[in-house]
Amino acid sequence: MKILVCISSVPDTTSKISFTDGDTKLNKAGVTYIIGPYDDYALARAVELKEQLGATITVLNVGGADAEPQIRKALAIGADDAIRVDIEPTDSFFVAEQIAAVAKEGNYDLILMGRETSDYNSGVVHGIVGELLGIPSFSPVMQLDVTGNEASMTREIEGGKEKLTAPLPLVLGCQEPIAEWKIPNMRGIMTARTKPLKVIPAAGLALTNTEKYSLPAPKGACKMIPAEEAEKLIELLKTEAKVL
Amino acid sequence: MILIFTEVADGAIKKSSLEAIYYGSKVAEMMQTSAVALAIGNADATELAKAGNFGATKVLHANDTKLANANSMAYANVLAEAVKNVGAKVVITAKSSFADAVTARAAGALKAAIVGNVTELPNLSNGFQVQVSIFTGKAFADVNVDGDIKILAIKKNAVAPIESSNSANVEIFSPALSDNLFTAKVTETIKATGTISLPEADLVVSGGRGMKGPESWQPLLDLADALGAATACSKPVSDLDWRPHHEHVGQTGVKVSPNLYIACGISGAIQHLAGVNSSKVIVVINKDPEAPFFKAADYGIVGDVFDVLPKLTKAVLASK
Ligand SMILES: Cc1cc2nc3c(=O)[nH]c(=O)nc-3n(C[C@H](O)[C@H](O)[C@H](O)COP(=O)(O)OP(=O)(O)OC[C@H]3O[C@@H](n4cnc5c(N)ncnc54)[C@H](O)[C@@H]3O)c2cc1C
């Protein structure tokens with residue numbers, strides 16, 4: 001089995017977000033970058049499937065050279081080789097086009113990624129890739145098993161979940177609890193250094209671009225209500241906040 | 001033409017989709033065109049006609065029996081056909097994980113520009129620009145949307161709909177559906193019934209580890225019941241299986257923007273706030289006055305949830 005795992009490189013979830021250059025660029029100073037948390041679940045499940053069934057895992061990132069530490073980490077966790085499409089990932093369609101081009105070349109049985117990136121939270125790249133390749137896509141997938149040429153999955157739906165089966169190849173947007181995040185061990189880190197990482201150019205054009213960023217207005221002070229008079233809250237929610 | 005991908009649940013248009021229809025009709029006004037709603041699956045014609053109250057001039061209803069189950073591939077195919085059929089330049093949907101799956105595939109088929117989490121009406125003064133919420137509500141981006149066809153997924157409260165008495169004609173829409181759209185087989189659906197949909201809810205009562213355990217959730221459920229609110233929880237709570245996974249809100253869970261979010265025994269970690277910070281009003285109940293959540297709250301009560309919650313429920317019931 002051949003698995004392609006697509007990873008994004010995003011600010012750590014505890015990062016304070018700020019902007020520079022007249023609010024046109026994300027301020028990267030002091031920000032730690034990580035593998036997208038959802039992509040990390042996809043990668044973890046791919047590594048488990050490799051251990052269970054035997055598979056080769058290619059990790060793919062659409063991004064600049066500064067994403068390479070995250071790519072190396074994915075190799076250390078258990079991917080076999082890596083491809084980086086050398087362009088900033090600014091637009092969902094454009095990123096999906098790059099992934100689909102790589103996927104077409106490689107004939108993968110499973111293309112796994114997170115349900116969404118933690119920067120733009122759009123959750124559409126897997127669907128676009130599926131359509132461009134003419135194969136089914138599902139998201140958010142919270143359980144995945146493969147038997148022969150068939151995948152069985154659990155997908156989250158509003159207010160519950162749905163179990164389904166579908167023949168490979170498939171594109172899946174993954175989320176917990178599909179697997180537990182994996183931490184690379186020393187041997188993984190050593191071998192990752194020499195695993196192949198191919199850098200290729202992008203093709204096509206982005207269909208959207210961000211002109212300017214802004215931050216939400218700061219919250220006003222929190223109004224404290226003594227616990228002994230908790231019932232007063234309901235009155236305030238009615239008359240002052242007008243939400244009841 | 002503006003086309004709105006309209007989700008139906010239990011035969012009627014979802015509240016979030018009515019909001020999307022209204023948004024679409026406003027964009028149509030700005031672009032001097034009209035708004036058509038596309039509804040797929042089982043739905044009542046009189047329910048669909050309500051799209052007119054929110055500004056749609058027509059409803060296309062794809063009701064082929066093959067579309068009874070929500071299948072993102074088949075739905076995307078219908079959506080892409082409808083876009084071509086009405087000559088739509090802009091497609092609007094309310095953001096949801098199913099709508100994302102459908103519009104994403106339609107974007108692939110149409111080579112359309114697609115943006116999510118749109119928070120306001122577009123600015124058309126110089127091209128087509130929208131504001132989107134990024135980093136799960138920590139910031140905003142003004143995005144220029146090029147592309148001949150544009151797909152926008154709007155966030156809850158992007159517009160405040162005003163209902164009219166206008167009605168919309170419902171027309172049956174039956175594009176061809178090939179068998180290869182139906183290779184996946186749904187073997188089981190497990191769905192909570194009778195509960196309020198969390199992403200759609202205006203009022204949410206949410207519990208964290210401070211609720212102690214699944215057996216002590218009742219006071220929270222009682223308050224939610226009294227208010228008619230949806231229930232939610234923090235990540236550790238769903239990880240520990242105290243509550244079902246679809247209730248988990250935050251960076252890695254459902255993102256909600258209700259009018260009122262009441263947090264009970266939740267510390268307010270940055271990853272939790274990421275999923276709830278666009279709520280209009282936040283109430284925090286926590287026994288620790290230093291809990292970080294108070295910094296993000298509008299109203300706070302320092303106290304024991306098991307003491308405070310019953311008082312609140314009583315006050316809600318008394319005020320009815
Ligand atoms: C990559 C990543 C993603 C994450 N994503 C999410 C996410 O999507 N959603 C999420 O929620 N978390 C997420 N987390 C976890 C997050 O960091 C916190 O660990 C989590 O939100 C804490 O949950 P909690 O507030 O329920 O528990 P705790 O932090 O343990 O807080 C419990 C609170 O209850 C209070 N309390 C205890 N007893 C009482 C009582 N009797 N009465 C009143 N108050 C009481 C305590 O004072 C405390 O403030 C993520 C973490 C990472 C690393």
# chains A, B, ... in the order shown; residues from 1 in each chain; ligands from 1
>>> interface_residues(of="chain A", to="chain B", cutoff="6 Å", atoms="only C-alpha atoms", output="number ranges by chain")
A: 118-120, 122, 124, 127-128, 131-132, 159-166, 207-215, 222-225, 227, 231
>>> residues_near_ligand(ligand="ligand 1", cutoff="7 Å", atoms="only C-alpha atoms and all ligand atoms", output="ChimeraX atom specification")
/A:13,37 /B:207-212,233-237,248-253,264-272,275,285-288,291,303-306
>>> write_last_selection(atoms="N, CA, C and O atoms", output="short mmCIF file (atom, residue, chain, number, x, y, z; two decimals), in the first residue's frame")
data_model
loop_
_atom_site.label_atom_id
_atom_site.label_comp_id
_atom_site.auth_asym_id
_atom_site.auth_seq_id
_atom_site.Cartn_x
_atom_site.Cartn_y
_atom_site.Cartn_z
N THR A 13 -0.33 25.93 18.67
CA THR A 13 -1.67 26.37 19.04
C THR A 13 -1.69 27.37 20.20
O THR A 13 -2.69 28.04 20.42
N PRO A 37 -2.05 20.18 13.85
CA PRO A 37 -2.49 19.15 14.80
C PRO A 37 -3.34 18.05 14.14
O PRO A 37 -3.18 16.86 14.46
N GLY B 207 -19.34 22.15 29.63
CA GLY B 207 -18.70 21.69 30.85
C GLY B 207 -17.28 21.23 30.63
O GLY B 207 -16.94 20.67 29.59
N GLY B 208 -16.43 21.44 31.63
CA GLY B 208 -15.04 21.00 31.58
C GLY B 208 -14.77 19.98 32.66
O GLY B 208 -15.70 19.44 33.28
N ARG B 209 -13.49 19.76 32.90
CA ARG B 209 -13.08 18.76 33.88
C ARG B 209 -13.60 19.09 35.28
O ARG B 209 -13.73 18.22 36.12
N GLY B 210 -13.89 20.38 35.50
CA GLY B 210 -14.43 20.79 36.79
C GLY B 210 -15.80 20.20 37.08
O GLY B 210 -16.29 20.29 38.22
N MET B 211 -16.44 19.60 36.08
CA MET B 211 -17.74 18.95 36.31
C MET B 211 -17.56 17.58 36.96
O MET B 211 -18.53 16.87 37.19
N LYS B 212 -16.31 17.19 37.17
CA LYS B 212 -15.94 16.00 37.97
C LYS B 212 -16.12 14.65 37.28
O LYS B 212 -15.27 13.77 37.43
N CYS B 233 -18.66 20.54 25.53
CA CYS B 233 -17.67 20.18 26.55
C CYS B 233 -16.27 20.50 26.07
O CYS B 233 -16.05 20.81 24.90
N SER B 234 -15.31 20.44 26.99
CA SER B 234 -13.90 20.65 26.64
C SER B 234 -13.32 19.34 26.11
O SER B 234 -13.93 18.28 26.23
N LYS B 235 -12.12 19.43 25.54
CA LYS B 235 -11.49 18.25 24.93
C LYS B 235 -11.22 17.12 25.92
O LYS B 235 -11.56 15.97 25.63
N PRO B 236 -10.61 17.42 27.10
CA PRO B 236 -10.38 16.29 28.01
C PRO B 236 -11.66 15.54 28.37
O PRO B 236 -11.64 14.32 28.54
N VAL B 237 -12.76 16.27 28.44
CA VAL B 237 -14.05 15.64 28.79
C VAL B 237 -14.47 14.62 27.72
O VAL B 237 -14.92 13.52 28.05
N HIS B 248 -17.41 18.18 21.68
CA HIS B 248 -16.13 18.81 22.01
C HIS B 248 -15.93 20.09 21.19
O HIS B 248 -15.95 20.07 19.98
N VAL B 249 -15.76 21.21 21.88
CA VAL B 249 -15.52 22.48 21.19
C VAL B 249 -14.08 22.93 21.41
O VAL B 249 -13.44 22.55 22.39
N GLY B 250 -13.58 23.74 20.49
CA GLY B 250 -12.24 24.28 20.62
C GLY B 250 -11.47 24.18 19.33
O GLY B 250 -12.03 23.88 18.27
N GLN B 251 -10.20 24.43 19.46
CA GLN B 251 -9.30 24.41 18.31
C GLN B 251 -9.42 23.11 17.52
O GLN B 251 -9.44 23.13 16.30
N THR B 252 -9.49 21.99 18.22
CA THR B 252 -9.57 20.70 17.52
C THR B 252 -10.97 20.13 17.58
O THR B 252 -11.17 18.94 17.34
N GLY B 253 -11.95 20.95 17.91
CA GLY B 253 -13.32 20.46 17.96
C GLY B 253 -14.24 21.35 17.17
O GLY B 253 -13.81 22.02 16.23
N CYS B 264 -18.75 25.98 32.34
CA CYS B 264 -18.83 25.49 33.71
C CYS B 264 -17.63 24.60 34.03
O CYS B 264 -17.48 23.52 33.46
N GLY B 265 -16.76 25.06 34.91
CA GLY B 265 -15.60 24.25 35.29
C GLY B 265 -14.65 24.00 34.14
O GLY B 265 -14.12 22.92 33.98
N ILE B 266 -14.46 25.03 33.32
CA ILE B 266 -13.49 24.97 32.21
C ILE B 266 -12.44 26.03 32.49
O ILE B 266 -12.76 27.18 32.81
N SER B 267 -11.15 25.66 32.37
CA SER B 267 -10.09 26.59 32.78
C SER B 267 -9.91 27.73 31.78
O SER B 267 -9.49 28.82 32.14
N GLY B 268 -10.20 27.46 30.48
CA GLY B 268 -10.03 28.51 29.48
C GLY B 268 -8.67 28.48 28.81
O GLY B 268 -8.08 29.52 28.52
N ALA B 269 -8.19 27.26 28.53
CA ALA B 269 -6.93 27.11 27.78
C ALA B 269 -7.10 27.76 26.41
O ALA B 269 -8.20 27.79 25.86
N ILE B 270 -5.99 28.26 25.87
CA ILE B 270 -6.05 28.98 24.59
C ILE B 270 -6.70 28.13 23.50
O ILE B 270 -7.44 28.63 22.66
N GLN B 271 -6.47 26.81 23.52
CA GLN B 271 -7.06 25.94 22.49
C GLN B 271 -8.57 25.82 22.67
O GLN B 271 -9.29 25.56 21.72
N HIS B 272 -9.04 25.93 23.89
CA HIS B 272 -10.48 25.90 24.12
C HIS B 272 -11.10 27.22 23.65
O HIS B 272 -12.10 27.23 22.92
N GLY B 275 -12.16 27.94 20.00
CA GLY B 275 -13.40 27.46 19.40
C GLY B 275 -14.63 28.22 19.84
O GLY B 275 -15.72 28.02 19.31
N ILE B 285 -18.14 30.15 34.93
CA ILE B 285 -18.34 29.74 36.32
C ILE B 285 -17.15 28.84 36.67
O ILE B 285 -16.96 27.78 36.06
N ASN B 286 -16.35 29.30 37.62
CA ASN B 286 -15.15 28.54 37.97
C ASN B 286 -14.81 28.84 39.42
O ASN B 286 -14.94 29.99 39.86
N LYS B 287 -14.36 27.82 40.15
CA LYS B 287 -14.09 28.06 41.57
C LYS B 287 -12.74 28.76 41.78
O LYS B 287 -12.48 29.29 42.86
N ASP B 288 -11.93 28.79 40.72
CA ASP B 288 -10.61 29.42 40.82
C ASP B 288 -10.67 30.84 40.24
O ASP B 288 -10.81 31.02 39.04
N ALA B 291 -8.62 31.55 37.13
CA ALA B 291 -8.79 30.78 35.89
C ALA B 291 -8.70 31.72 34.69
O ALA B 291 -9.34 32.78 34.68
N GLY B 303 -17.14 30.39 41.92
CA GLY B 303 -17.89 29.53 42.82
C GLY B 303 -17.89 28.09 42.34
O GLY B 303 -17.36 27.78 41.26
N ASP B 304 -18.49 27.24 43.14
CA ASP B 304 -18.56 25.81 42.84
C ASP B 304 -19.72 25.57 41.87
O ASP B 304 -20.85 25.99 42.13
N VAL B 305 -19.43 24.93 40.75
CA VAL B 305 -20.48 24.71 39.74
C VAL B 305 -21.70 23.99 40.32
O VAL B 305 -22.84 24.26 39.93
N PHE B 306 -21.44 23.08 41.29
CA PHE B 306 -22.55 22.28 41.80
C PHE B 306 -23.46 23.09 42.73
O PHE B 306 -24.57 22.71 43.01
#
>>> closest_residue(among="A:Ala202, A:Leu112, A:Val102, A:Val95", to="Ile57 in chain A", atoms="only C-alpha atoms")
A:Leu112
>>> closest_residue(among="B:Val205, B:Leu317, B:Leu3, B:Leu18", to="Ile162 in chain B", atoms="only C-alpha atoms")
B:Leu18
>>> select_by_dssp(residues="range 2-238 of chain A", states="strand (DSSP E)", output="PyMOL selection string")
chain A and resi 2-6+9-11+19-20+25-26+33-35+56-62+81-85+110-114+137-147+150-157+160-167+170-174+197-200+208-214+223-224
>>> closest_residue(among="B:Thr119, B:Asn126, B:Ser238, B:Asn85", to="Lys156 in chain B", atoms="only C-alpha atoms")
B:Thr119
>>> residues_around(residues="Asp64 in chain B", least_positions_apart="6", cutoff="10 Å", atoms="only C-alpha atoms", output="ChimeraX atom specification")
/B:40-42,172-177
>>> select_by_dssp(residues="range 55-195 of chain A", states="alpha helix (DSSP H)", output="mmCIF file with N, CA, C and O atoms, in the first residue's frame")
data_model
loop_
_atom_site.group_PDB
_atom_site.id
_atom_site.type_symbol
_atom_site.label_atom_id
_atom_site.label_comp_id
_atom_site.auth_asym_id
_atom_site.auth_seq_id
_atom_site.Cartn_x
_atom_site.Cartn_y
_atom_site.Cartn_z
ATOM 1 N N GLU A 68 10.752 22.812 6.523
ATOM 2 C CA GLU A 68 11.524 21.560 6.509
ATOM 3 C C GLU A 68 11.700 20.900 7.871
ATOM 4 O O GLU A 68 11.655 19.678 7.958
ATOM 5 N N PRO A 69 11.852 21.672 8.971
ATOM 6 C CA PRO A 69 11.913 20.974 10.272
ATOM 7 C C PRO A 69 10.661 20.123 10.541
ATOM 8 O O PRO A 69 10.754 19.034 11.112
ATOM 9 N N GLN A 70 9.494 20.613 10.105
ATOM 10 C CA GLN A 70 8.256 19.848 10.318
ATOM 11 C C GLN A 70 8.252 18.604 9.413
ATOM 12 O O GLN A 70 7.779 17.542 9.806
ATOM 13 N N ILE A 71 8.778 18.755 8.194
ATOM 14 C CA ILE A 71 8.860 17.603 7.283
ATOM 15 C C ILE A 71 9.804 16.551 7.868
ATOM 16 O O ILE A 71 9.487 15.361 7.910
ATOM 17 N N ARG A 72 10.945 17.003 8.402
ATOM 18 C CA ARG A 72 11.910 16.057 9.017
ATOM 19 C C ARG A 72 11.280 15.364 10.216
ATOM 20 O O ARG A 72 11.525 14.196 10.470
ATOM 21 N N LYS A 73 10.466 16.095 10.940
ATOM 22 C CA LYS A 73 9.815 15.484 12.102
ATOM 23 C C LYS A 73 8.877 14.371 11.636
ATOM 24 O O LYS A 73 8.822 13.296 12.239
ATOM 25 N N ALA A 74 8.152 14.623 10.531
ATOM 26 C CA ALA A 74 7.246 13.606 9.997
ATOM 27 C C ALA A 74 8.035 12.380 9.548
ATOM 28 O O ALA A 74 7.599 11.238 9.740
ATOM 29 N N LEU A 75 9.217 12.608 8.977
ATOM 30 C CA LEU A 75 10.075 11.486 8.575
ATOM 31 C C LEU A 75 10.549 10.728 9.817
ATOM 32 O O LEU A 75 10.628 9.505 9.830
ATOM 33 N N ALA A 76 10.842 11.471 10.882
ATOM 34 C CA ALA A 76 11.304 10.842 12.121
ATOM 35 C C ALA A 76 10.196 10.015 12.765
ATOM 36 O O ALA A 76 10.439 8.991 13.392
ATOM 37 N N ILE A 77 8.957 10.443 12.593
ATOM 38 C CA ILE A 77 7.821 9.721 13.169
ATOM 39 C C ILE A 77 7.539 8.437 12.380
ATOM 40 O O ILE A 77 6.976 7.490 12.916
ATOM 41 N N SER A 92 -6.599 27.720 -0.924
ATOM 42 C CA SER A 92 -7.024 26.318 -0.828
ATOM 43 C C SER A 92 -6.982 25.600 -2.175
ATOM 44 O O SER A 92 -6.452 24.494 -2.288
ATOM 45 N N PHE A 93 -7.566 26.214 -3.194
ATOM 46 C CA PHE A 93 -7.627 25.545 -4.495
ATOM 47 C C PHE A 93 -6.220 25.294 -5.023
ATOM 48 O O PHE A 93 -5.900 24.203 -5.502
ATOM 49 N N PHE A 94 -5.385 26.304 -4.880
ATOM 50 C CA PHE A 94 -4.014 26.239 -5.389
ATOM 51 C C PHE A 94 -3.231 25.123 -4.683
ATOM 52 O O PHE A 94 -2.540 24.317 -5.322
ATOM 53 N N VAL A 95 -3.368 25.040 -3.360
ATOM 54 C CA VAL A 95 -2.679 23.995 -2.601
ATOM 55 C C VAL A 95 -3.189 22.623 -3.041
ATOM 56 O O VAL A 95 -2.413 21.684 -3.282
ATOM 57 N N ALA A 96 -4.514 22.514 -3.198
ATOM 58 C CA ALA A 96 -5.100 21.235 -3.608
ATOM 59 C C ALA A 96 -4.592 20.815 -4.989
ATOM 60 O O ALA A 96 -4.335 19.634 -5.237
ATOM 61 N N GLU A 97 -4.430 21.800 -5.871
ATOM 62 C CA GLU A 97 -3.910 21.514 -7.217
ATOM 63 C C GLU A 97 -2.503 20.918 -7.153
ATOM 64 O O GLU A 97 -2.180 19.990 -7.889
ATOM 65 N N GLN A 98 -1.676 21.453 -6.254
ATOM 66 C CA GLN A 98 -0.300 20.932 -6.109
ATOM 67 C C GLN A 98 -0.337 19.498 -5.580
ATOM 68 O O GLN A 98 0.399 18.632 -6.040
ATOM 69 N N ILE A 99 -1.218 19.283 -4.584
ATOM 70 C CA ILE A 99 -1.315 17.941 -3.991
ATOM 71 C C ILE A 99 -1.809 16.944 -5.043
ATOM 72 O O ILE A 99 -1.269 15.840 -5.173
ATOM 73 N N ALA A 100 -2.818 17.348 -5.804
ATOM 74 C CA ALA A 100 -3.388 16.449 -6.806
ATOM 75 C C ALA A 100 -2.342 16.092 -7.857
ATOM 76 O O ALA A 100 -2.269 14.942 -8.308
ATOM 77 N N ALA A 101 -1.483 17.064 -8.238
ATOM 78 C CA ALA A 101 -0.446 16.795 -9.242
ATOM 79 C C ALA A 101 0.539 15.747 -8.722
ATOM 80 O O ALA A 101 0.897 14.799 -9.433
ATOM 81 N N VAL A 102 0.948 15.887 -7.454
ATOM 82 C CA VAL A 102 1.875 14.916 -6.852
ATOM 83 C C VAL A 102 1.185 13.555 -6.736
ATOM 84 O O VAL A 102 1.774 12.511 -7.045
ATOM 85 N N ALA A 103 -0.077 13.568 -6.332
ATOM 86 C CA ALA A 103 -0.815 12.323 -6.123
ATOM 87 C C ALA A 103 -0.978 11.549 -7.434
ATOM 88 O O ALA A 103 -0.887 10.323 -7.450
ATOM 89 N N LYS A 104 -1.202 12.268 -8.512
ATOM 90 C CA LYS A 104 -1.378 11.615 -9.822
ATOM 91 C C LYS A 104 -0.120 10.859 -10.224
ATOM 92 O O LYS A 104 -0.192 9.728 -10.691
ATOM 93 N N GLU A 105 1.021 11.478 -10.006
ATOM 94 C CA GLU A 105 2.320 10.871 -10.309
ATOM 95 C C GLU A 105 2.529 9.591 -9.520
ATOM 96 O O GLU A 105 3.038 8.612 -10.045
ATOM 97 N N GLY A 106 2.151 9.627 -8.233
ATOM 98 C CA GLY A 106 2.547 8.567 -7.314
ATOM 99 C C GLY A 106 1.577 7.412 -7.185
ATOM 100 O O GLY A 106 1.908 6.397 -6.585
ATOM 101 N N VAL A 125 -9.467 21.382 1.440
ATOM 102 C CA VAL A 125 -8.415 20.893 0.537
ATOM 103 C C VAL A 125 -8.639 19.423 0.166
ATOM 104 O O VAL A 125 -8.532 19.051 -1.005
ATOM 105 N N HIS A 126 -9.017 18.585 1.145
ATOM 106 C CA HIS A 126 -9.216 17.149 0.824
ATOM 107 C C HIS A 126 -10.307 16.949 -0.211
ATOM 108 O O HIS A 126 -10.177 16.122 -1.110
ATOM 109 N N GLY A 127 -11.376 17.721 -0.093
ATOM 110 C CA GLY A 127 -12.486 17.584 -1.052
ATOM 111 C C GLY A 127 -12.070 17.991 -2.454
ATOM 112 O O GLY A 127 -12.392 17.317 -3.430
ATOM 113 N N ILE A 128 -11.348 19.098 -2.553
ATOM 114 C CA ILE A 128 -10.904 19.562 -3.878
ATOM 115 C C ILE A 128 -9.965 18.522 -4.498
ATOM 116 O O ILE A 128 -10.094 18.168 -5.669
ATOM 117 N N VAL A 129 -9.033 17.998 -3.670
ATOM 118 C CA VAL A 129 -8.096 16.983 -4.182
ATOM 119 C C VAL A 129 -8.877 15.767 -4.690
ATOM 120 O O VAL A 129 -8.619 15.256 -5.795
ATOM 121 N N GLY A 130 -9.853 15.322 -3.917
ATOM 122 C CA GLY A 130 -10.661 14.169 -4.323
ATOM 123 C C GLY A 130 -11.320 14.398 -5.671
ATOM 124 O O GLY A 130 -11.279 13.533 -6.556
ATOM 125 N N GLU A 131 -11.901 15.570 -5.825
ATOM 126 C CA GLU A 131 -12.587 15.880 -7.085
ATOM 127 C C GLU A 131 -11.597 15.961 -8.243
ATOM 128 O O GLU A 131 -11.857 15.425 -9.324
ATOM 129 N N LEU A 132 -10.456 16.610 -8.004
ATOM 130 C CA LEU A 132 -9.456 16.748 -9.086
ATOM 131 C C LEU A 132 -8.939 15.374 -9.524
ATOM 132 O O LEU A 132 -8.608 15.180 -10.682
ATOM 133 N N LEU A 133 -8.879 14.431 -8.561
ATOM 134 C CA LEU A 133 -8.394 13.097 -8.897
ATOM 135 C C LEU A 133 -9.536 12.171 -9.335
ATOM 136 O O LEU A 133 -9.294 11.058 -9.795
ATOM 137 N N MET A 186 14.713 8.487 19.220
ATOM 138 C CA MET A 186 16.080 8.874 18.830
ATOM 139 C C MET A 186 16.466 8.253 17.487
ATOM 140 O O MET A 186 17.023 8.926 16.608
ATOM 141 N N ARG A 187 16.119 6.977 17.325
ATOM 142 C CA ARG A 187 16.490 6.288 16.082
ATOM 143 C C ARG A 187 15.775 6.941 14.898
ATOM 144 O O ARG A 187 16.371 7.169 13.856
ATOM 145 N N GLY A 188 14.508 7.265 15.095
ATOM 146 C CA GLY A 188 13.729 7.938 14.050
ATOM 147 C C GLY A 188 14.363 9.257 13.648
ATOM 148 O O GLY A 188 14.493 9.564 12.457
ATOM 149 N N ILE A 189 14.794 10.010 14.649
ATOM 150 C CA ILE A 189 15.388 11.327 14.374
ATOM 151 C C ILE A 189 16.685 11.159 13.572
ATOM 152 O O ILE A 189 16.942 11.894 12.623
ATOM 153 N N MET A 190 17.492 10.123 13.948
ATOM 154 C CA MET A 190 18.757 9.883 13.240
ATOM 155 C C MET A 190 18.498 9.505 11.782
ATOM 156 O O MET A 190 19.101 10.064 10.876
ATOM 157 N N THR A 191 17.574 8.553 11.565
ATOM 158 C CA THR A 191 17.350 8.070 10.194
ATOM 159 C C THR A 191 16.665 9.139 9.338
ATOM 160 O O THR A 191 16.860 9.172 8.132
ATOM 161 N N ALA A 192 15.888 10.010 9.979
ATOM 162 C CA ALA A 192 15.158 11.040 9.224
ATOM 163 C C ALA A 192 16.106 11.946 8.453
ATOM 164 O O ALA A 192 15.771 12.447 7.385
#
>>> atom_distance(atom1="CA of Tyr41 in chain A", atom2="CA of Val62 in chain A")
18.1 Å
>>> residues_around(residues="Val8 in chain B", least_positions_apart="4", cutoff="7 Å", atoms="only C-alpha atoms", output="NGL selection string")
:B and (12-14 or 39 or 43)
>>> atom_distance(atom1="CA of Asn123 in chain B", atom2="CA of Leu152 in chain B")
13.1 Å
>>> residues_around(residues="Asp145 in chain A", least_positions_apart="2", cutoff="12 Å", atoms="only C-alpha atoms", output="mmCIF file with C-alpha atoms, in the first residue's frame")
data_model
loop_
_atom_site.group_PDB
_atom_site.id
_atom_site.type_symbol
_atom_site.label_atom_id
_atom_site.label_comp_id
_atom_site.auth_asym_id
_atom_site.auth_seq_id
_atom_site.Cartn_x
_atom_site.Cartn_y
_atom_site.Cartn_z
ATOM 1 C CA ARG A 45 -2.702 6.652 11.674
ATOM 2 C CA ALA A 46 -0.593 6.200 8.521
ATOM 3 C CA GLU A 48 0.033 2.526 12.470
ATOM 4 C CA LEU A 49 -1.304 1.199 9.146
ATOM 5 C CA LYS A 50 2.279 0.788 7.947
ATOM 6 C CA GLN A 52 -0.040 -3.388 10.708
ATOM 7 C CA LEU A 53 -0.226 -3.969 6.976
ATOM 8 C CA LEU A 110 -4.670 6.559 0.512
ATOM 9 C CA VAL A 141 -12.762 10.798 9.638
ATOM 10 C CA MET A 142 -12.283 9.649 13.232
ATOM 11 C CA GLN A 143 -11.568 5.943 12.665
ATOM 12 C CA THR A 147 -8.810 -4.636 4.585
ATOM 13 C CA GLY A 148 -7.597 -5.585 1.136
ATOM 14 C CA ASN A 149 -8.836 -2.941 -1.244
ATOM 15 C CA GLU A 150 -11.489 -1.550 1.063
ATOM 16 C CA ALA A 151 -11.437 1.070 3.809
ATOM 17 C CA SER A 152 -13.898 1.112 6.676
ATOM 18 C CA MET A 153 -14.294 4.435 8.406
ATOM 19 C CA THR A 154 -16.226 6.374 10.990
ATOM 20 C CA LYS A 163 -19.856 4.235 9.706
ATOM 21 C CA LEU A 164 -19.053 3.638 6.071
ATOM 22 C CA THR A 165 -16.995 1.559 3.685
ATOM 23 C CA ALA A 166 -15.497 2.533 0.348
ATOM 24 C CA PRO A 167 -13.011 1.072 -2.106
ATOM 25 C CA LEU A 168 -9.499 2.559 -2.344
ATOM 26 C CA ILE A 178 -8.209 8.269 14.643
ATOM 27 C CA ALA A 179 -4.834 7.712 16.380
#
